[in-house]
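Enquirer: Structure below; questions to follow.
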Amino acid sequence: MKQLPIMQVLPDLKLILNKNKAAVLIAEPGAGKTTGTPPAFLDEPWMSGKSILMLEPRRLAARSAAVYMAACLGESVGQTVGYRMRMDSKVGKNTRIVVVTEGVLTRMLQSDPSLGDVGLIIFDEFHERSLHADLGLALTLEAQSVLREDLRILIMSATLDGERVSALLGGAPVVDCPGRTYPVETIYVPGSGTAQLEQAAAIAVRRALDEQPGDVLVFLPGEREIRRTERELQSGALPQGTVLRPLYGQLPQAMQDAAVAPAVPGERKVVLATSIAETSLTIEGVRTVIDTGQRRTQVFSPRTGMPRLTTVPVSKASADQRRGRAGRTAPGVCYRLWSSEEHQRLPDDNVPEIMETDLAQLALELALWGVRDPAALPWLDAPPAAPYAQGAALLRQLGALDAGGAITPHGRSMAALGAHPRAAHMLLRAAELGAAPLACRLAALLQERDLFKGPAAADSDLTLRVEALLRFERSAETGGADPAILRAVQRESRNLLAQLQAAPEVPRDSSGTGLLLSFAYPDRVGQKRGDGAFLLAGGRGAAMREGQPLSRSPYIVAAGVDDRAGQGRIMLAADLPEEELLRHHAGSFTEEREVYWDKESGSVKARRRTLLGALVLKETSHERPTAEETEDVLLGVISAEGLELLPWDKGTVQLRQRMAFMHGLRTDWPDVADEALLGSLDEWLRPFIQGMRNLRDLQRLPLSRAFEGMLDWNSRQKLDKEAPTHIAVPSGSRIPLDYSNPGAPVLAVRLQEMFGQVDTPRIGMGQVPVLLHLLSPARRPMQVTSDLASFWRSTYFEVKKDLKGRYPKHYWPDDPLQAAPTNRTRPVK
DNA sequence: CTCTCCCT
């Protein structure tokens with residue numbers, strides 16, 4: 001212990017924490033920081049009568065760190081050094097160093113924000129940036145600034161960028177400590193382009209077995225790739241004594257042990273592992289690491305509110321951590337299956353969990369802490385807004401938050417359970433109904449991997465899993481289910497039963513599964529749309545795989561839905577009897593009265609609907625909309641479909657055009673263009689559609705009165721004068737004016753009727769000469785002009801020649817201004 | 001051909 005590198009920096013750290021409230025320790029692997037640091041502070045003056053809390057991200061590491069520190073003091077765990085984790089704790093009266101796992105720290109902070117007699121809190125492996133560690137630090141920092149100015153904080157990390165943490169801690173000093181590992185040579189092996197990941201890995205394994213001594217550790221993204229690489233290697237010859245050892249989280253414990261244990265003499269071990277071997281497990285005898293540079297990670301999709309697994313490139317920090325695994329006992333080699341150029345493009349660090357995960361639980365913890373806006377707390381990376389808002393919305397739906405975002409008593413009970421808010425709500429509701437035993441088993445089943453593999457897994461009915469579990473509990477029969485997962489589920493459900501102090505009885509059968517599941521997933525209650533498709537209460541569509549008996553259920557609850565765009569696929573679900581839905585979710589129903597336009601009948605109708613989110617549970621039509629509702633809908637339809645729906649007649653069309661003409665001259669006149677009319681239907685049209693219900697009624701609308709209604713009495717007089725419907729011409733005829741083009745009204749009149757008229761008639765306060773269409777006796781257009789005087793002077797004589805030829809019986813005077821106008825062949829004498 | 005890892 002004396003020779004550990006950490007010993008060199010401890011005096012420095014003591015000095016710093018004597019004066020400062022916070023420090024950052026960057027220590028490379030093998031420095032001995034986890035077990036060397038905490039005991040060093042026990043005798044510091046500021047620690048008198050106080051204890052040390054150290055956060056460890058994994059149970060195994062927490063327990064073994066406590067055991068090791070206790071052994072160094074010549075004690076057993078539970079004396080000076082203890083630990084505390086879920087369902088397991090060894091702490092005594094004299095314990096001054098407590099190693100805790102993440103959920104425990106959160107619960108401790110929440111139940112006593114002043115942290116009692118804790119003098120120093122250490123965050124170990126902080127570079128892993130788990131959600132709970134980030135939350136724990138945020139809460140601790142606030143507790144320190146508000147309640148406990150004397151509290152010391154020490155952040156310990158392997159590769160973290162020390163400056164950012166230091167800044168968050170108000171400029172805390174950063175101490176660096178070298179590690180004690182052997183050098184590892186890095187060899188970049190750029191991909192051969194077409195080679196599959198597994199083929200490239202297998203080729204590298206053969207090369208390593210040939211070139212290097214000792215065991216080989218291969219990092220692959222997941223179980224599928226591990227199995228493929230295994231097959232790839234088995235398909236060709238391997239050197240004598242080579243054994244292949246898969247290693248991933250879901251592998252049975254005995255096989256995990258076999259992968260971790262040292263190789264038997266005469267054998268060489270090739271461990272094919274996921275990122276579990278990056279931090280969680282140390283494998284003896286590894287001299288060569290082969291890194292495919294990929295890892296599988298869960299991301300939360302705000303679009304669908306569902307988590308999804310993706311395979312992404314590792315970060316530089318992660319790749320270095322993997323490489324370090326080759327140098328723990330002797331110098332080693334690391335083959336990276338990418339180029340050094342590609343390496344430069346890798347991100348420096350993994351994306352912190354808080355940036356990518358479901359934040360419902362975080363939102364609940366913050367609400368319990370008394371914070372509604374996460375920006376009120378200090379973060380290295382603040383929780384992203386969309387997933388946070390989605391988490392808060394879910395909490396409101398589960399009754400954990402009130403409308404204002406404050407935590408409810410129910411929310412407090414949920415947080416105390418520690419489970420995901422969905423599971424916590426289900427457990428509490430189930431306990432009220434006396435169904436806790438089944439709910440604990442469901443929560444455990446949902447948390448673990450599927451009990452079934454292969455063809456049995458194709459049936460998505462959750463009750464089949466429940467029945468299998470109950471059979472296993474009663475008679476230890478596995479019945480085709482995975483025994484390791486059965487045991488894990490049983491263990492977890494016992495933990496939950498103990499937490500809820502529920503009766504130990506084994507439920508008789510799976511009945512009630514759908515109802516309990518609907519408490520956890522109220523947003524995924526699905527209503528049958530036919531053809532295996534369901535509409536979920538949250539608004540998303542989802543479909544069963546082919547041939548599922550469940551697809552005949554009118555209502556289901558979808559516990560697992562994949563994240564594909566458009567219609568999701570239901571992986572796991574249970575039938576929800578309609579009467580249970582109606583009985584137990586009535587509090588979440590919304591009643592909606594909707595008055596709407598029925599296109600088919602062309603009329604306004606009303607209906608009342610009972611909704612659960614997007615689902616219409618009940619609908620009654622035959623309601624009578626009120627007169628005002630009807631007017632609203634009618635105006636809405638006109639607004640959407642256009643003014644063509646109105647009963648236009650020639651008079652109204654002309655009236656509108658005349659008003660448009662006036663508006664063109666004086667903007668204080670009402671604008672009667674389409675856009676303006678559609679925008680002000682409420683003012684000018686509503687009074688005229690009272691009592692109307694349908695399109696037929698609308699045809700009886702006195703439309704010209706509606707237009708006249710836009711003008712007061714004076715304006716109406718003025719309209720008749722300045723935008724007259726007719727103009728009297730010299731012949732005595734009253735000729736209608738055509739306002740189709742409101743900028744240039746047209747007077748179409750036979751030429752002879754205009755004899756004697758010197759100038760163009762003007763309208764619009766004398767500002768606008770009408771556009772004259774001068775016609776032949778047969779009403780053929782001869783000439784268009786807005787300057788009659790100049791027409792008489794010149795063009796008339798050419799036109800006259802032409803007219804005389806065609807209409808010889810008519811009267812074509814040489815001096816039209818002196819001639820008598822006529823609407824006949826010749827003037828009457 | 002759905003399945004990284006951890007924790008209350």
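Scheme for the structure tokens: letters A, B, ... for chains in order shown; per-chain residue numbers from 1; ligand numbers from 1 in order shown.
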For chain B, list the residues within 6 Å of chain A, counting only C-alpha atoms (C1' of nucleotides), and write the list as a list in words.
Expert: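 Those within range of chain A come out as DT4, DC7 and DT8 of chain B.
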Enquirer: Store the residues picked out above in a file with all heavy atoms, as a short mmCIF file (atom, residue, chain, number, x, y, z; two decimals), in the first residue's frame.
Expert:
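New file again-v4.cif:
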data_model
loop_
_atom_site.label_atom_id
_atom_site.label_comp_id
_atom_site.auth_asym_id
_atom_site.auth_seq_id
_atom_site.Cartn_x
_atom_site.Cartn_y
_atom_site.Cartn_z
P DT B 4 -27.23 -6.40 -27.12
OP1 DT B 4 -27.10 -6.39 -28.59
OP2 DT B 4 -26.67 -7.54 -26.39
"O5'" DT B 4 -26.60 -5.11 -26.51
"C5'" DT B 4 -26.45 -5.01 -25.14
"C4'" DT B 4 -25.37 -4.01 -24.83
"O4'" DT B 4 -25.79 -2.71 -25.25
"C3'" DT B 4 -25.10 -3.89 -23.35
"O3'" DT B 4 -24.14 -4.84 -22.96
"C2'" DT B 4 -24.55 -2.47 -23.27
"C1'" DT B 4 -25.41 -1.75 -24.28
N1 DT B 4 -26.62 -1.15 -23.65
C2 DT B 4 -26.48 0.02 -22.96
O2 DT B 4 -25.43 0.59 -22.81
N3 DT B 4 -27.64 0.48 -22.42
C4 DT B 4 -28.90 -0.08 -22.50
O4 DT B 4 -29.88 0.42 -21.97
C5 DT B 4 -28.97 -1.31 -23.25
C7 DT B 4 -30.31 -2.04 -23.42
C6 DT B 4 -27.85 -1.77 -23.78
P DC B 7 -24.88 -1.94 -10.19
OP1 DC B 7 -23.79 -2.11 -9.22
OP2 DC B 7 -25.63 -3.10 -10.67
"O5'" DC B 7 -25.95 -0.92 -9.61
"C5'" DC B 7 -25.54 0.35 -9.14
"C4'" DC B 7 -26.75 1.23 -8.94
"O4'" DC B 7 -27.41 1.43 -10.21
"C3'" DC B 7 -27.83 0.61 -8.05
"O3'" DC B 7 -27.54 0.91 -6.70
"C2'" DC B 7 -29.06 1.36 -8.53
"C1'" DC B 7 -28.80 1.57 -10.01
N1 DC B 7 -29.52 0.62 -10.91
C2 DC B 7 -30.78 0.94 -11.39
O2 DC B 7 -31.29 2.01 -11.04
N3 DC B 7 -31.42 0.08 -12.20
C4 DC B 7 -30.83 -1.08 -12.55
N4 DC B 7 -31.50 -1.91 -13.36
C5 DC B 7 -29.54 -1.43 -12.07
C6 DC B 7 -28.91 -0.57 -11.26
P DT B 8 -28.32 0.09 -5.62
OP1 DT B 8 -27.52 0.20 -4.40
OP2 DT B 8 -28.67 -1.23 -6.19
"O5'" DT B 8 -29.66 0.90 -5.40
"C5'" DT B 8 -29.58 2.19 -4.81
"C4'" DT B 8 -30.95 2.79 -4.71
"O4'" DT B 8 -31.52 2.87 -6.03
"C3'" DT B 8 -31.95 1.97 -3.87
"O3'" DT B 8 -32.34 2.78 -2.77
"C2'" DT B 8 -33.13 1.72 -4.80
"C1'" DT B 8 -32.91 2.74 -5.89
N1 DT B 8 -33.45 2.37 -7.24
C2 DT B 8 -34.35 3.23 -7.81
O2 DT B 8 -34.72 4.25 -7.29
N3 DT B 8 -34.81 2.83 -9.03
C4 DT B 8 -34.45 1.68 -9.72
O4 DT B 8 -34.93 1.43 -10.82
C5 DT B 8 -33.50 0.84 -9.06
C7 DT B 8 -33.06 -0.43 -9.72
C6 DT B 8 -33.05 1.20 -7.86
#
Enquirer: Hey, what does DSSP flag as helix (DSSP H, G or I) within segment 441-609 of chain A? Can you give it to me as a count of residues only?
Expert: 69
Enquirer: Can you list every residue in segment 527-709 of chain A that DSSP puts in strand (DSSP E or B), as number ranges by chain?
Expert: A: 527-530, 533-536, 541-544, 555-561, 568-575, 590-598, 603-612, 615-623, 694
Enquirer: Between atom CA of Glu342 of chain A and atom CA of Ala273 of chain A, what is the distance, to one decimal in Å?
Expert: 22.7 Å
Enquirer: So, with only C-alpha atoms as the atoms that count, which of A:Ser510, A:Gln253, A:Gln717, A:Ser786 lies closest to Leu747 of chain A?
Expert: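 For Leu747 of chain A, the nearest of the given residues is A:Ser786.
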Enquirer: Can you tell me which residues surround Gly756 of chain A at a distance of at most 8 Å, considering only C-alpha atoms (C1' of nucleotides), apart from same-chain residues fewer than 4 positions away, and format the answer as a PDB file with N, CA, C and O atoms, in the first residue's frame?
Expert:
ATOM      1  N   PRO A 730     -76.783  60.774 -73.866  1.00  0.00           N
ATOM      2  CA  PRO A 730     -77.591  61.793 -74.563  1.00  0.00           C
ATOM      3  C   PRO A 730     -78.870  61.250 -75.163  1.00  0.00           C
ATOM      4  O   PRO A 730     -79.881  61.946 -75.214  1.00  0.00           O
ATOM      5  N   PRO A 816     -70.855  65.003 -85.414  1.00  0.00           N
ATOM      6  CA  PRO A 816     -71.548  64.209 -84.396  1.00  0.00           C
ATOM      7  C   PRO A 816     -71.894  65.020 -83.150  1.00  0.00           C
ATOM      8  O   PRO A 816     -72.829  64.676 -82.429  1.00  0.00           O
ATOM      9  N   LEU A 817     -71.137  66.092 -82.905  1.00  0.00           N
ATOM     10  CA  LEU A 817     -71.418  66.846 -81.677  1.00  0.00           C
ATOM     11  C   LEU A 817     -72.685  67.693 -81.814  1.00  0.00           C
ATOM     12  O   LEU A 817     -73.313  68.036 -80.823  1.00  0.00           O
ATOM     13  N   GLN A 818     -73.043  67.988 -83.062  1.00  0.00           N
ATOM     14  CA  GLN A 818     -74.264  68.758 -83.284  1.00  0.00           C
ATOM     15  C   GLN A 818     -75.455  67.855 -83.581  1.00  0.00           C
ATOM     16  O   GLN A 818     -76.593  68.284 -83.509  1.00  0.00           O
ATOM     17  N   ALA A 819     -75.205  66.601 -83.893  1.00  0.00           N
ATOM     18  CA  ALA A 819     -76.288  65.698 -84.314  1.00  0.00           C
ATOM     19  C   ALA A 819     -77.126  65.268 -83.123  1.00  0.00           C
ATOM     20  O   ALA A 819     -76.668  65.300 -81.980  1.00  0.00           O
ATOM     21  N   ALA A 820     -78.357  64.870 -83.414  1.00  0.00           N
ATOM     22  CA  ALA A 820     -79.229  64.394 -82.341  1.00  0.00           C
ATOM     23  C   ALA A 820     -78.896  62.934 -82.032  1.00  0.00           C
ATOM     24  O   ALA A 820     -78.829  62.120 -82.942  1.00  0.00           O
ATOM     25  N   PRO A 821     -78.711  62.632 -80.819  1.00  0.00           N
ATOM     26  CA  PRO A 821     -78.443  61.226 -80.450  1.00  0.00           C
ATOM     27  C   PRO A 821     -79.692  60.393 -80.618  1.00  0.00           C
ATOM     28  O   PRO A 821     -80.816  60.899 -80.508  1.00  0.00           O
TER      29      PRO A 821
END
Enquirer: A:His663, A:Lys316, A:Arg494, A:Arg308: which is nearest Asp358 of chain A, counting only C-alpha atoms?
Expert: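 Among the listed residues, the smallest separation from Asp358 of chain A belongs to A:Arg308.
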Enquirer: So how far away is atom CA of Leu612 of chain A from atom CA of Phe589 of chain A, in Å?
Expert: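 Here the two named atoms are 5.0 Å from each other.
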Enquirer: List as a list in words the protein and nucleic acid residues near Ser553 of chain A, meaning an atom at most 8 Å away when only C-alpha atoms (C1' of nucleotides) are counted, but skip any in the same chain fewer than 3 places from it.
Expert: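 The neighbour list is Lys528, Pro549, Leu550, Ile556, Asp575 and Leu576 of chain A.
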Enquirer: With C-alpha atoms retained, write the just-selected residues as an mmCIF file, in the first residue's frame.
Expert:
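Saved as result_12.cif:
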data_model
loop_
_atom_site.group_PDB
_atom_site.id
_atom_site.type_symbol
_atom_site.label_atom_id
_atom_site.label_comp_id
_atom_site.auth_asym_id
_atom_site.auth_seq_id
_atom_site.Cartn_x
_atom_site.Cartn_y
_atom_site.Cartn_z
ATOM 1 C CA LYS A 528 -58.135 -1.610 -31.866
ATOM 2 C CA PRO A 549 -54.165 -13.593 -30.518
ATOM 3 C CA LEU A 550 -53.940 -10.245 -28.715
ATOM 4 C CA ILE A 556 -54.589 -3.532 -24.973
ATOM 5 C CA ASP A 575 -55.244 -7.387 -22.939
ATOM 6 C CA LEU A 576 -57.127 -4.669 -21.073
#
Enquirer: Within 12 Å of Val165 of chain A, counting only C-alpha atoms (C1' of nucleotides), which residues show up once you throw out same-chain ones fewer than 6 positions away? Write them as a list in words, please.
Expert: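 The residues that qualify are Ala22, Ala23, Val24, Leu25, Ile26, Phe123, Phe126, His127, Arg129, Asp134, Leu137, Ala138, Leu141, Ile153, Leu154, Ile155, Met156, Ser157, Thr159, Gly171, Ala172, Pro173, Val174, Pro378, Trp379, Leu380 and Asp381 of chain A.
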Enquirer: Once you have the residues from the selection above, write them out as a compact mmCIF listing (two decimals), in the first residue's frame, restricted to N, CA and C atoms.
Expert:
# COMPACT_ATOMS: atom_id res chain seq x y z
N ALA A 22 -13.68 22.31 -1.97
CA ALA A 22 -13.80 21.32 -3.03
C ALA A 22 -12.46 21.10 -3.71
N ALA A 23 -12.27 19.91 -4.26
CA ALA A 23 -11.06 19.60 -5.01
C ALA A 23 -11.39 18.57 -6.08
N VAL A 24 -10.53 18.53 -7.12
CA VAL A 24 -10.69 17.55 -8.19
C VAL A 24 -9.42 16.73 -8.25
N LEU A 25 -9.57 15.41 -8.24
CA LEU A 25 -8.40 14.52 -8.34
C LEU A 25 -8.50 13.73 -9.64
N ILE A 26 -7.55 13.97 -10.53
CA ILE A 26 -7.50 13.19 -11.77
C ILE A 26 -6.43 12.12 -11.58
N PHE A 123 -16.97 11.70 -4.91
CA PHE A 123 -17.59 11.10 -6.11
C PHE A 123 -16.51 10.33 -6.86
N PHE A 126 -16.10 9.66 -11.50
CA PHE A 126 -17.06 10.67 -11.95
C PHE A 126 -17.07 10.82 -13.47
N HIS A 127 -15.94 10.41 -14.12
CA HIS A 127 -15.89 10.52 -15.59
C HIS A 127 -16.98 9.69 -16.27
N ARG A 129 -19.99 9.81 -15.62
CA ARG A 129 -21.07 10.78 -15.81
C ARG A 129 -22.46 10.13 -15.85
N ASP A 134 -24.43 12.89 -11.71
CA ASP A 134 -24.67 14.29 -12.08
C ASP A 134 -25.72 14.92 -11.16
N LEU A 137 -24.30 15.34 -7.60
CA LEU A 137 -23.41 16.49 -7.48
C LEU A 137 -24.20 17.80 -7.46
N ALA A 138 -25.20 17.89 -8.33
CA ALA A 138 -26.01 19.12 -8.36
C ALA A 138 -26.68 19.36 -7.01
N LEU A 141 -24.01 20.25 -4.31
CA LEU A 141 -23.52 21.63 -4.43
C LEU A 141 -24.52 22.61 -3.86
N ILE A 153 -16.17 18.62 -0.83
CA ILE A 153 -16.52 17.78 -1.98
C ILE A 153 -15.24 17.41 -2.71
N LEU A 154 -15.06 16.12 -2.99
CA LEU A 154 -13.90 15.67 -3.77
C LEU A 154 -14.39 14.87 -4.97
N ILE A 155 -14.02 15.36 -6.15
CA ILE A 155 -14.39 14.64 -7.37
C ILE A 155 -13.19 13.83 -7.82
N MET A 156 -13.36 12.53 -7.97
CA MET A 156 -12.27 11.68 -8.46
C MET A 156 -12.64 11.13 -9.83
N SER A 157 -11.68 11.16 -10.73
CA SER A 157 -12.00 10.82 -12.10
C SER A 157 -10.76 10.30 -12.80
N THR A 159 -10.37 10.27 -16.49
CA THR A 159 -9.99 10.93 -17.74
C THR A 159 -10.72 12.24 -17.95
N GLY A 171 -13.94 26.97 -9.12
CA GLY A 171 -12.50 27.09 -9.26
C GLY A 171 -11.72 26.20 -8.30
N ALA A 172 -12.24 25.01 -8.06
CA ALA A 172 -11.57 24.09 -7.14
C ALA A 172 -10.22 23.66 -7.71
N PRO A 173 -9.17 23.51 -6.85
CA PRO A 173 -7.86 23.07 -7.34
C PRO A 173 -7.94 21.66 -7.93
N VAL A 174 -7.13 21.43 -8.98
CA VAL A 174 -7.10 20.12 -9.64
C VAL A 174 -5.75 19.47 -9.34
N PRO A 378 -26.86 23.88 -10.31
CA PRO A 378 -25.63 23.90 -11.10
C PRO A 378 -25.38 22.55 -11.78
N TRP A 379 -25.18 22.56 -13.08
CA TRP A 379 -24.95 21.32 -13.83
C TRP A 379 -23.69 21.45 -14.66
N LEU A 380 -23.02 20.32 -14.86
CA LEU A 380 -21.95 20.26 -15.86
C LEU A 380 -22.60 20.32 -17.25
N ASP A 381 -23.68 19.55 -17.41
CA ASP A 381 -24.52 19.63 -18.60
C ASP A 381 -25.97 19.64 -18.13
Enquirer: How far is it from atom CA of Arg206 of chain A to atom CA of Cys334 of chain A, in Å with one decimal?
Expert: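 We find that atom CA of Arg206 of chain A and atom CA of Cys334 of chain A lie 13.9 Å from each other.
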Enquirer: Here is a test: counting only C-alpha atoms, which residue of A:Gly370, A:Pro827, A:Gly191, A:Gly327 is nearest to Pro113 of chain A?
Expert: A:Gly370
Enquirer: Give me the residues near Thr186 of chain A as an MDAnalysis selection string, where near means some atom within 12 Å (using only C-alpha atoms (C1' of nucleotides)) and where sequence neighbours in that chain fewer than 6 positions away do not count.
Expert: chainID A and resid 288:291 319:320 322:324 326:327 331:340 343
